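Data file: run_33.txt. Format and content: compact mmCIF, C-alpha atoms and all ligand atoms.
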```txt
# COMPACT_ATOMS: atom_id res chain seq x y z
CA MET A 5 67.29 162.32 95.18
CA LYS A 6 70.93 162.92 94.30
CA PRO A 7 73.20 160.84 96.59
CA GLU A 8 75.85 163.57 96.62
CA GLY A 9 75.98 165.26 100.03
CA LYS A 10 73.33 162.88 101.44
CA VAL A 11 73.67 160.41 104.32
CA ALA A 12 72.93 156.71 103.83
CA ILE A 13 72.70 153.84 106.30
CA VAL A 14 73.49 150.48 104.70
CA THR A 15 72.97 147.26 106.66
CA GLY A 16 74.91 144.10 105.88
CA ALA A 17 77.60 146.46 104.64
CA ALA A 18 80.51 144.16 105.53
CA SER A 19 79.87 141.79 102.64
CA GLY A 20 78.27 141.12 99.27
CA LEU A 21 75.36 143.30 98.16
CA GLY A 22 75.58 145.63 101.17
CA LEU A 23 79.31 146.18 100.70
CA ALA A 24 78.88 147.00 97.01
CA THR A 25 75.98 149.33 97.85
CA ALA A 26 77.98 151.18 100.50
CA CYS A 27 80.88 151.61 98.05
CA GLY A 28 78.52 152.63 95.21
CA LEU A 29 76.69 155.28 97.24
CA ALA A 30 80.00 156.57 98.62
CA ALA A 31 81.36 156.87 95.06
CA ALA A 32 78.23 158.88 94.22
CA GLY A 33 79.11 161.32 97.01
CA ALA A 34 77.05 160.10 99.97
CA SER A 35 78.29 159.69 103.52
CA ILE A 36 77.88 156.12 104.71
CA VAL A 37 76.77 154.63 108.01
CA ALA A 38 77.66 150.95 107.71
CA LEU A 39 75.89 148.54 110.08
CA ASP A 40 76.83 144.86 110.32
CA LEU A 41 77.24 142.12 112.90
CA ASP A 42 80.68 141.26 111.55
CA GLU A 43 82.94 143.91 113.07
CA ALA A 44 86.18 142.55 111.57
CA ARG A 45 84.93 142.50 107.96
CA LEU A 46 83.20 145.85 108.46
CA ALA A 47 86.57 147.45 109.30
CA ARG A 48 87.82 146.61 105.79
CA LEU A 49 85.41 149.24 104.41
CA ARG A 50 87.93 151.84 105.59
CA GLU A 51 90.15 150.79 102.69
CA GLN A 52 87.38 151.44 100.15
CA VAL A 53 85.50 154.48 101.45
CA ASP A 54 86.93 157.88 102.44
CA PRO A 55 87.05 157.61 106.28
CA SER A 56 85.82 161.20 106.66
CA ARG A 57 82.51 160.09 105.09
CA LEU A 58 82.28 156.71 106.82
CA LEU A 59 80.86 155.61 110.16
CA LEU A 60 81.14 151.95 111.14
CA CYS A 61 78.51 150.51 113.51
CA ALA A 62 78.82 146.93 114.77
CA GLY A 63 75.42 145.56 115.73
CA SER A 64 72.38 143.55 114.77
CA VAL A 65 69.48 144.83 112.70
CA ALA A 66 67.23 142.70 114.90
CA GLU A 67 68.14 144.65 118.05
CA GLU A 68 66.28 147.89 118.74
CA VAL A 69 69.20 149.38 120.71
CA ASP A 70 71.77 148.65 118.00
CA VAL A 71 69.76 150.24 115.19
CA ALA A 72 68.66 153.19 117.34
CA ALA A 73 72.33 153.79 118.21
CA ALA A 74 73.31 153.67 114.51
CA VAL A 75 70.66 156.14 113.31
CA ASP A 76 71.38 158.46 116.26
CA ALA A 77 75.10 158.28 115.43
CA ALA A 78 74.35 159.05 111.75
CA VAL A 79 72.59 162.28 112.69
CA ALA A 80 75.18 163.20 115.33
CA ARG A 81 78.11 162.70 112.92
CA PHE A 82 76.66 163.80 109.57
CA GLY A 83 73.67 165.97 110.56
CA ALA A 84 70.85 163.97 108.94
CA LEU A 85 69.77 160.64 107.43
CA HIS A 86 68.29 160.51 103.91
CA ILE A 87 68.78 156.97 102.56
CA ALA A 88 68.40 153.51 104.18
CA VAL A 89 69.34 150.32 102.37
CA ASN A 90 68.53 147.01 104.05
CA CYS A 91 70.93 144.29 102.91
CA ALA A 92 71.60 142.36 106.14
CA GLY A 93 70.29 138.85 105.86
CA VAL A 94 70.81 135.16 106.50
CA ALA A 95 69.74 132.13 104.47
CA ASP A 96 69.68 129.25 106.98
CA ALA A 97 67.78 126.39 105.40
CA ALA A 98 66.07 123.19 106.58
CA LYS A 99 63.31 120.94 105.31
CA THR A 100 59.95 121.14 107.08
CA VAL A 101 60.52 117.51 108.08
CA SER A 102 63.94 115.96 107.57
CA ARG A 103 64.73 112.33 108.50
CA GLY A 104 61.70 112.42 110.79
CA GLU A 105 62.80 115.60 112.57
CA PRO A 106 60.70 118.78 112.33
CA PHE A 107 62.18 122.09 111.14
CA PRO A 108 64.03 123.57 114.17
CA LEU A 109 61.95 126.46 115.44
CA ALA A 110 65.15 128.28 116.50
CA VAL A 111 66.20 128.44 112.83
CA TRP A 112 62.79 129.78 111.81
CA ASP A 113 62.93 132.43 114.56
CA LYS A 114 66.46 133.52 113.61
CA VAL A 115 65.69 133.94 109.91
CA ILE A 116 62.46 135.86 110.55
CA ALA A 117 64.11 138.01 113.25
CA ILE A 118 66.96 139.13 111.00
CA ASN A 119 65.44 139.21 107.50
CA LEU A 120 61.94 140.46 108.29
CA THR A 121 61.81 142.01 111.76
CA GLY A 122 65.33 143.43 111.28
CA THR A 123 64.33 145.06 108.00
CA PHE A 124 61.26 146.66 109.57
CA ASN A 125 63.27 147.71 112.63
CA VAL A 126 65.63 149.68 110.37
CA ILE A 127 62.77 151.10 108.30
CA ARG A 128 60.85 152.47 111.28
CA LEU A 129 63.86 153.99 113.08
CA ALA A 130 65.41 155.43 109.89
CA ALA A 131 62.08 156.85 108.70
CA ALA A 132 61.54 158.62 112.02
CA LYS A 133 64.85 160.45 111.45
CA MET A 134 64.11 161.16 107.77
CA ALA A 135 60.80 162.74 108.77
CA GLY A 136 62.81 165.59 110.33
CA ASN A 137 64.61 166.46 107.07
CA PRO A 138 63.65 169.67 105.28
CA PRO A 139 61.70 168.74 102.12
CA GLY A 140 63.72 168.54 98.91
CA GLU A 141 62.44 168.55 95.32
CA ASP A 142 58.78 167.37 95.19
CA GLY A 143 58.82 167.39 99.01
CA GLU A 144 61.13 164.36 99.14
CA ARG A 145 62.73 163.66 102.53
CA GLY A 146 64.07 160.15 102.20
CA VAL A 147 64.25 156.84 100.36
CA ILE A 148 64.33 153.30 101.73
CA VAL A 149 65.43 150.25 99.73
CA ASN A 150 64.94 146.70 101.09
CA THR A 151 66.25 143.38 99.85
CA SER A 152 63.62 140.74 99.17
CA SER A 153 64.44 137.73 96.94
CA GLY A 154 63.06 135.69 94.08
CA ALA A 155 62.49 133.15 96.87
CA ALA A 156 59.59 135.37 98.03
CA TRP A 157 57.40 133.70 95.39
CA GLN A 158 59.49 130.78 94.08
CA GLY A 159 61.25 129.38 97.12
CA GLN A 160 63.14 126.11 96.75
CA ILE A 161 63.20 123.00 98.93
CA GLY A 162 64.44 123.93 102.41
CA GLN A 163 63.62 127.63 102.06
CA ALA A 164 60.38 127.83 104.09
CA ALA A 165 61.75 130.34 106.62
CA TYR A 166 63.83 132.28 104.09
CA SER A 167 60.96 132.52 101.58
CA ALA A 168 58.50 133.56 104.28
CA SER A 169 60.89 136.29 105.46
CA LYS A 170 61.42 137.61 101.93
CA ALA A 171 57.71 137.45 101.07
CA GLY A 172 57.22 139.47 104.26
CA VAL A 173 59.64 142.11 103.00
CA MET A 174 57.80 142.24 99.67
CA GLY A 175 54.45 142.42 101.49
CA LEU A 176 55.39 145.31 103.75
CA THR A 177 56.71 147.43 100.88
CA LEU A 178 53.37 148.85 99.74
CA PRO A 179 51.78 149.54 103.16
CA VAL A 180 54.97 151.15 104.47
CA ALA A 181 55.24 153.25 101.30
CA ARG A 182 51.63 154.31 101.92
CA ASP A 183 52.41 155.15 105.57
CA LEU A 184 55.45 157.22 104.62
CA ALA A 185 54.22 158.97 101.46
CA PRO A 186 52.79 161.91 103.44
CA LEU A 187 56.29 162.40 104.88
CA GLY A 188 57.92 162.42 101.43
CA ILE A 189 59.71 159.11 101.96
CA ARG A 190 59.76 156.48 99.17
CA VAL A 191 59.98 152.74 99.90
CA LEU A 192 61.04 150.01 97.47
CA SER A 193 62.38 146.50 97.54
CA ILE A 194 64.69 144.64 95.19
CA ALA A 195 64.22 140.90 94.59
CA PRO A 196 67.60 139.58 93.45
CA GLY A 197 68.08 136.24 91.74
CA LEU A 198 71.36 134.39 92.31
CA PHE A 199 74.22 136.80 93.11
CA ASP A 200 77.89 136.00 93.54
CA THR A 201 78.38 136.76 97.25
CA SER A 202 79.53 134.87 100.33
CA MET A 203 75.90 133.81 100.93
CA VAL A 204 76.01 131.81 97.68
CA ALA A 205 79.62 130.72 98.21
CA GLY A 206 78.25 128.56 101.02
CA MET A 207 76.14 126.67 98.48
CA PRO A 208 77.55 123.46 96.91
CA GLU A 209 79.09 124.24 93.48
CA ASN A 210 76.79 121.76 91.71
CA VAL A 211 73.69 123.50 93.15
CA SER A 212 74.67 127.01 91.99
CA ARG A 213 75.81 125.59 88.61
CA SER A 214 72.48 123.85 88.18
CA ILE A 215 70.56 127.07 88.97
CA ILE A 216 72.60 128.97 86.38
CA ASP A 217 72.29 126.26 83.71
CA ARG A 218 68.62 125.35 84.19
CA MET A 219 66.85 128.32 85.75
CA VAL A 220 68.56 131.57 84.73
CA LEU A 221 67.26 132.83 81.39
CA PHE A 222 69.91 135.30 80.13
CA PRO A 223 72.68 136.20 80.74
CA SER A 224 73.71 132.74 81.94
CA ARG A 225 75.73 133.68 85.02
CA MET A 226 75.31 134.90 88.57
CA GLY A 227 74.58 138.56 89.19
CA ARG A 228 77.43 140.80 90.32
CA ALA A 229 77.11 142.82 93.51
CA ASP A 230 77.91 146.02 91.59
CA GLU A 231 74.81 145.38 89.41
CA PHE A 232 72.70 145.37 92.58
CA ALA A 233 74.44 148.54 93.80
CA ALA A 234 73.74 150.22 90.45
CA LEU A 235 70.01 149.51 90.83
CA VAL A 236 70.02 150.95 94.35
CA ARG A 237 71.62 154.11 92.98
CA THR A 238 69.06 154.33 90.18
CA ILE A 239 66.21 153.94 92.68
CA VAL A 240 67.68 156.68 94.88
CA GLU A 241 68.20 159.02 91.93
CA ASN A 242 64.89 158.42 90.15
CA SER A 243 62.16 159.74 92.42
CA TYR A 244 59.36 158.25 90.32
CA PHE A 245 60.18 154.73 91.64
CA ASN A 246 57.98 153.96 94.64
CA ALA A 247 56.09 151.19 96.46
CA SER A 248 57.13 148.22 94.35
CA THR A 249 59.42 145.20 94.43
CA ILE A 250 61.76 145.10 91.44
CA SER A 251 63.20 141.80 90.21
CA LEU A 252 66.91 141.78 89.34
CA ASP A 253 67.38 138.17 88.26
CA ALA A 254 68.20 137.72 84.53
CA GLY A 255 64.70 136.27 84.10
CA ALA A 256 65.33 133.37 86.50
CA ARG A 257 62.52 130.91 87.20
CA MET A 258 63.44 128.67 90.12
CA SER A 259 62.39 125.03 90.28
CA ALA A 260 61.96 123.01 93.48
CA ARG A 261 65.69 122.19 93.72
N1 LIG B 1 73.33 136.47 97.09
C1 LIG B 1 72.17 136.14 96.59
O1 LIG B 1 72.08 135.33 95.65
C2 LIG B 1 70.91 136.74 97.14
C3 LIG B 1 69.72 136.50 96.43
C4 LIG B 1 68.54 137.05 96.89
C5 LIG B 1 68.55 137.84 98.04
N2 LIG B 1 69.71 138.04 98.70
C6 LIG B 1 69.65 138.86 99.90
O2 LIG B 1 70.59 139.92 99.78
C7 LIG B 1 70.98 140.35 101.08
C8 LIG B 1 72.50 140.43 101.09
O3 LIG B 1 73.02 139.12 100.96
P1 LIG B 1 74.48 138.81 100.39
O4 LIG B 1 74.29 137.86 99.28
O5 LIG B 1 75.20 140.08 100.19
O6 LIG B 1 75.05 137.95 101.63
P2 LIG B 1 76.37 138.13 102.49
O7 LIG B 1 76.36 136.95 103.39
O8 LIG B 1 77.55 138.36 101.62
O9 LIG B 1 76.10 139.47 103.33
C9 LIG B 1 75.13 139.52 104.35
C10 LIG B 1 75.67 140.43 105.46
O10 LIG B 1 74.64 140.55 106.45
C11 LIG B 1 75.28 140.56 107.71
N3 LIG B 1 74.33 140.20 108.76
C12 LIG B 1 73.80 138.99 109.02
N4 LIG B 1 72.99 139.06 110.09
C13 LIG B 1 73.02 140.34 110.52
C14 LIG B 1 72.37 141.04 111.57
N5 LIG B 1 71.55 140.43 112.44
N6 LIG B 1 72.62 142.37 111.70
C15 LIG B 1 73.46 143.01 110.85
N7 LIG B 1 74.11 142.39 109.85
C16 LIG B 1 73.87 141.07 109.68
C17 LIG B 1 76.42 139.56 107.57
O11 LIG B 1 77.41 139.73 108.58
C18 LIG B 1 76.92 139.87 106.16
O12 LIG B 1 77.94 140.84 106.19
C19 LIG B 1 70.38 139.34 102.06
O13 LIG B 1 69.21 139.88 102.62
C20 LIG B 1 70.04 138.16 101.18
O14 LIG B 1 68.99 137.40 101.70
C21 LIG B 1 70.89 137.52 98.28
```
Could you spell out this file's structure in structure tokens?
Ligand SMILES: NC(=O)c1ccc[n+]([C@@H]2O[C@H](COP(=O)([O-])OP(=O)(O)OC[C@H]3O[C@@H](n4cnc5c(N)ncnc54)[C@H](O)[C@@H]3O)[C@@H](O)[C@H]2O)c1
Amino acid sequence: MKPEGKVAIVTGAASGLGLATACGLAAAGASIVALDLDEARLARLREQVDPSRLLLCAGSVAEEVDVAAAVDAAVARFGALHIAVNCAGVADAAKTVSRGEPFPLAVWDKVIAINLTGTFNVIRLAAAKMAGNPPGEDGERGVIVNTSSGAAWQGQIGQAAYSASKAGVMGLTLPVARDLAPLGIRVLSIAPGLFDTSMVAGMPENVSRSIIDRMVLFPSRMGRADEFAALVRTIVENSYFNASTISLDAGARMSAR
């Protein structure tokens, strides 16, 4: 599917991978519906994307009403919805038992609600809109890209909730692609390694340095958000990608810490 003239919803669009994706798809000619909890940072997108092709929606991916309002607004403003990119996410970490205290269940619930349930919430509501599109080439009506993580299968100490949420995203990719294939909607996930965003900026410098030095194969650096955005664009444009989770990680193999 060519992004030009299409309409894309991007979650987590106020920062990092989502921000780069929103800018990348806009540069390729798509109209952008940007959904994020952080209203103040979201507003800065106006400086980077032509306001006539931009709709800002403040809300949570985990809330049915917020996502329903965003996809409704996409169709009301731009006439259709063709592309959904799930980038919203959190990485709250805790050990299963730490200094005698069990993992706080509230942290578990938050991470699963945003990363896993939030991703599926966007998928189901966006796909229902895409189903109404007239079929394009090969009968294609839409494409959905989710963000998993290398932590889906090689989570580090403290990442039980995060890894479970990202393994959930990877796990739903095939059955949802199977559900939506008859509608002409493709579904993929990207599993990034370590990317230079505000999520990683919260990590102690020695931890990110150690990941780069000991676990990243080549090139020996963090990924750049525009490299993630470029893969999203490739997935959108190349209709033969479907139903898989693609690693974008410079060959990283994570150890326990
Ligand atoms: N940066 C990395 O190294 C890395 C690696 C693997 C996977 N990921 C995943 O990539 C995605 C993007 O992360 P990032 O690195 O760009 O982080 P980031 O913190 O820069 O951006 C995440 C965005 O999600 C938004 N968000 C959080 N909760 C939300 C909610 N409930 N509803 C709507 N928006 C919400 C935040 O406000 C923020 O703007 C996440 O799913 C993350 O787990 C990141």
**OP:** Within 12 Å of Phe82 in chain A, counting only C-alpha atoms, which residues show up once you throw out same-chain ones fewer than 2 positions away? Write them as JSON, numbers by chain, please.
**Re:** {"A": [9, 10, 11, 12, 13, 34, 35, 36, 37, 56, 57, 58, 59, 74, 75, 76, 77, 78, 79, 80, 84, 85, 86]}
**OP:** Produce as an NGL selection string the set of residues near ligand LIG 1 (chain B), where near means within 8 Å with all atoms listed in the file considered.
**Re:** :A and (15-23 or 39-42 or 45-46 or 62-67 or 90-95 or 117-119 or 122 or 151-155 or 166 or 170 or 195-204 or 226-227 or 229)
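Here the question is which of A:Arg81, A:Arg218, A:Arg228, A:Arg190 gets nearest to Asp142 in chain A using only C-alpha atoms, and that residue is A:Arg190.
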**OP:** For each of A:Gly136, A:Gly255, A:Gly28, A:Pro108, take the minimum atom-to-atom distance to Ile189 in chain A, counting only C-alpha atoms, then give the residue where this is smallest.
**Re:** A:Gly136
Original post:
How far is it from CA of Phe222 in chain A to CA of Thr238 in chain A, in Å with one decimal?
Top reply: 21.5 Å
Could N, CA and C atoms be built for range 6-38 of chain A and written out as an mmCIF file, in the frame of the given file?
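What landed in selection-v4.cif:
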```cif
data_model
loop_
_atom_site.group_PDB
_atom_site.id
_atom_site.type_symbol
_atom_site.label_atom_id
_atom_site.label_comp_id
_atom_site.auth_asym_id
_atom_site.auth_seq_id
_atom_site.Cartn_x
_atom_site.Cartn_y
_atom_site.Cartn_z
ATOM 1 N N LYS A 6 69.511 163.113 94.663
ATOM 2 C CA LYS A 6 70.930 162.920 94.300
ATOM 3 C C LYS A 6 71.694 162.435 95.536
ATOM 4 N N PRO A 7 72.475 161.346 95.423
ATOM 5 C CA PRO A 7 73.200 160.840 96.590
ATOM 6 C C PRO A 7 74.258 161.817 97.113
ATOM 7 N N GLU A 8 74.768 162.673 96.230
ATOM 8 C CA GLU A 8 75.850 163.570 96.620
ATOM 9 C C GLU A 8 75.444 164.459 97.796
ATOM 10 N N GLY A 9 76.255 164.424 98.852
ATOM 11 C CA GLY A 9 75.980 165.260 100.030
ATOM 12 C C GLY A 9 74.921 164.677 100.952
ATOM 13 N N LYS A 10 74.350 163.500 100.597
ATOM 14 C CA LYS A 10 73.330 162.880 101.440
ATOM 15 C C LYS A 10 73.986 161.867 102.379
ATOM 16 N N VAL A 11 73.184 161.363 103.333
ATOM 17 C CA VAL A 11 73.670 160.410 104.320
ATOM 18 C C VAL A 11 72.862 159.118 104.186
ATOM 19 N N ALA A 12 73.593 157.999 104.047
ATOM 20 C CA ALA A 12 72.930 156.710 103.830
ATOM 21 C C ALA A 12 73.347 155.708 104.894
ATOM 22 N N ILE A 13 72.367 154.997 105.465
ATOM 23 C CA ILE A 13 72.700 153.840 106.300
ATOM 24 C C ILE A 13 72.533 152.597 105.432
ATOM 25 N N VAL A 14 73.541 151.734 105.472
ATOM 26 C CA VAL A 14 73.490 150.480 104.700
ATOM 27 C C VAL A 14 73.722 149.346 105.686
ATOM 28 N N THR A 15 72.782 148.410 105.777
ATOM 29 C CA THR A 15 72.970 147.260 106.660
ATOM 30 C C THR A 15 73.549 146.084 105.867
ATOM 31 N N GLY A 16 74.225 145.194 106.575
ATOM 32 C CA GLY A 16 74.910 144.100 105.880
ATOM 33 C C GLY A 16 76.059 144.621 105.048
ATOM 34 N N ALA A 17 76.623 145.746 105.467
ATOM 35 C CA ALA A 17 77.600 146.460 104.640
ATOM 36 C C ALA A 17 78.992 145.838 104.664
ATOM 37 N N ALA A 18 79.182 144.787 105.466
ATOM 38 C CA ALA A 18 80.510 144.160 105.530
ATOM 39 C C ALA A 18 80.751 143.198 104.386
ATOM 40 N N SER A 19 79.712 142.878 103.615
ATOM 41 C CA SER A 19 79.870 141.790 102.640
ATOM 42 C C SER A 19 78.860 141.935 101.488
ATOM 43 N N GLY A 20 79.217 141.349 100.365
ATOM 44 C CA GLY A 20 78.270 141.120 99.270
ATOM 45 C C GLY A 20 77.520 142.346 98.780
ATOM 46 N N LEU A 21 76.192 142.246 98.746
ATOM 47 C CA LEU A 21 75.360 143.300 98.160
ATOM 48 C C LEU A 21 75.432 144.584 98.984
ATOM 49 N N GLY A 22 75.492 144.449 100.314
ATOM 50 C CA GLY A 22 75.580 145.630 101.170
ATOM 51 C C GLY A 22 76.908 146.350 101.005
ATOM 52 N N LEU A 23 77.981 145.592 100.898
ATOM 53 C CA LEU A 23 79.310 146.180 100.700
ATOM 54 C C LEU A 23 79.358 146.956 99.380
ATOM 55 N N ALA A 24 78.869 146.329 98.326
ATOM 56 C CA ALA A 24 78.880 147.000 97.010
ATOM 57 C C ALA A 24 77.999 148.249 97.037
ATOM 58 N N THR A 25 76.883 148.174 97.761
ATOM 59 C CA THR A 25 75.980 149.330 97.850
ATOM 60 C C THR A 25 76.635 150.473 98.609
ATOM 61 N N ALA A 26 77.289 150.135 99.728
ATOM 62 C CA ALA A 26 77.980 151.180 100.500
ATOM 63 C C ALA A 26 79.045 151.849 99.632
ATOM 64 N N CYS A 27 79.821 151.047 98.902
ATOM 65 C CA CYS A 27 80.880 151.610 98.050
ATOM 66 C C CYS A 27 80.263 152.429 96.901
ATOM 67 N N GLY A 28 79.170 151.935 96.339
ATOM 68 C CA GLY A 28 78.520 152.630 95.210
ATOM 69 C C GLY A 28 77.948 153.977 95.632
ATOM 70 N N LEU A 29 77.266 154.006 96.782
ATOM 71 C CA LEU A 29 76.690 155.280 97.240
ATOM 72 C C LEU A 29 77.786 156.251 97.665
ATOM 73 N N ALA A 30 78.874 155.698 98.249
ATOM 74 C CA ALA A 30 80.000 156.570 98.620
ATOM 75 C C ALA A 30 80.625 157.171 97.361
ATOM 76 N N ALA A 31 80.774 156.365 96.312
ATOM 77 C CA ALA A 31 81.360 156.870 95.060
ATOM 78 C C ALA A 31 80.469 157.944 94.435
ATOM 79 N N ALA A 32 79.162 157.872 94.738
ATOM 80 C CA ALA A 32 78.230 158.880 94.220
ATOM 81 C C ALA A 32 78.172 160.112 95.126
ATOM 82 N N GLY A 33 78.990 160.115 96.189
ATOM 83 C CA GLY A 33 79.110 161.320 97.010
ATOM 84 C C GLY A 33 78.360 161.309 98.320
ATOM 85 N N ALA A 34 77.774 160.158 98.695
ATOM 86 C CA ALA A 34 77.050 160.100 99.970
ATOM 87 C C ALA A 34 77.998 159.764 101.113
ATOM 88 N N SER A 35 77.624 160.176 102.315
ATOM 89 C CA SER A 35 78.290 159.690 103.520
ATOM 90 C C SER A 35 77.605 158.400 103.941
ATOM 91 N N ILE A 36 78.393 157.472 104.471
ATOM 92 C CA ILE A 36 77.880 156.120 104.710
ATOM 93 C C ILE A 36 77.942 155.742 106.182
ATOM 94 N N VAL A 37 76.820 155.258 106.698
ATOM 95 C CA VAL A 37 76.770 154.630 108.010
ATOM 96 C C VAL A 37 76.602 153.132 107.733
ATOM 97 N N ALA A 38 77.634 152.368 108.069
ATOM 98 C CA ALA A 38 77.660 150.950 107.710
ATOM 99 C C ALA A 38 77.382 150.117 108.952
#
```
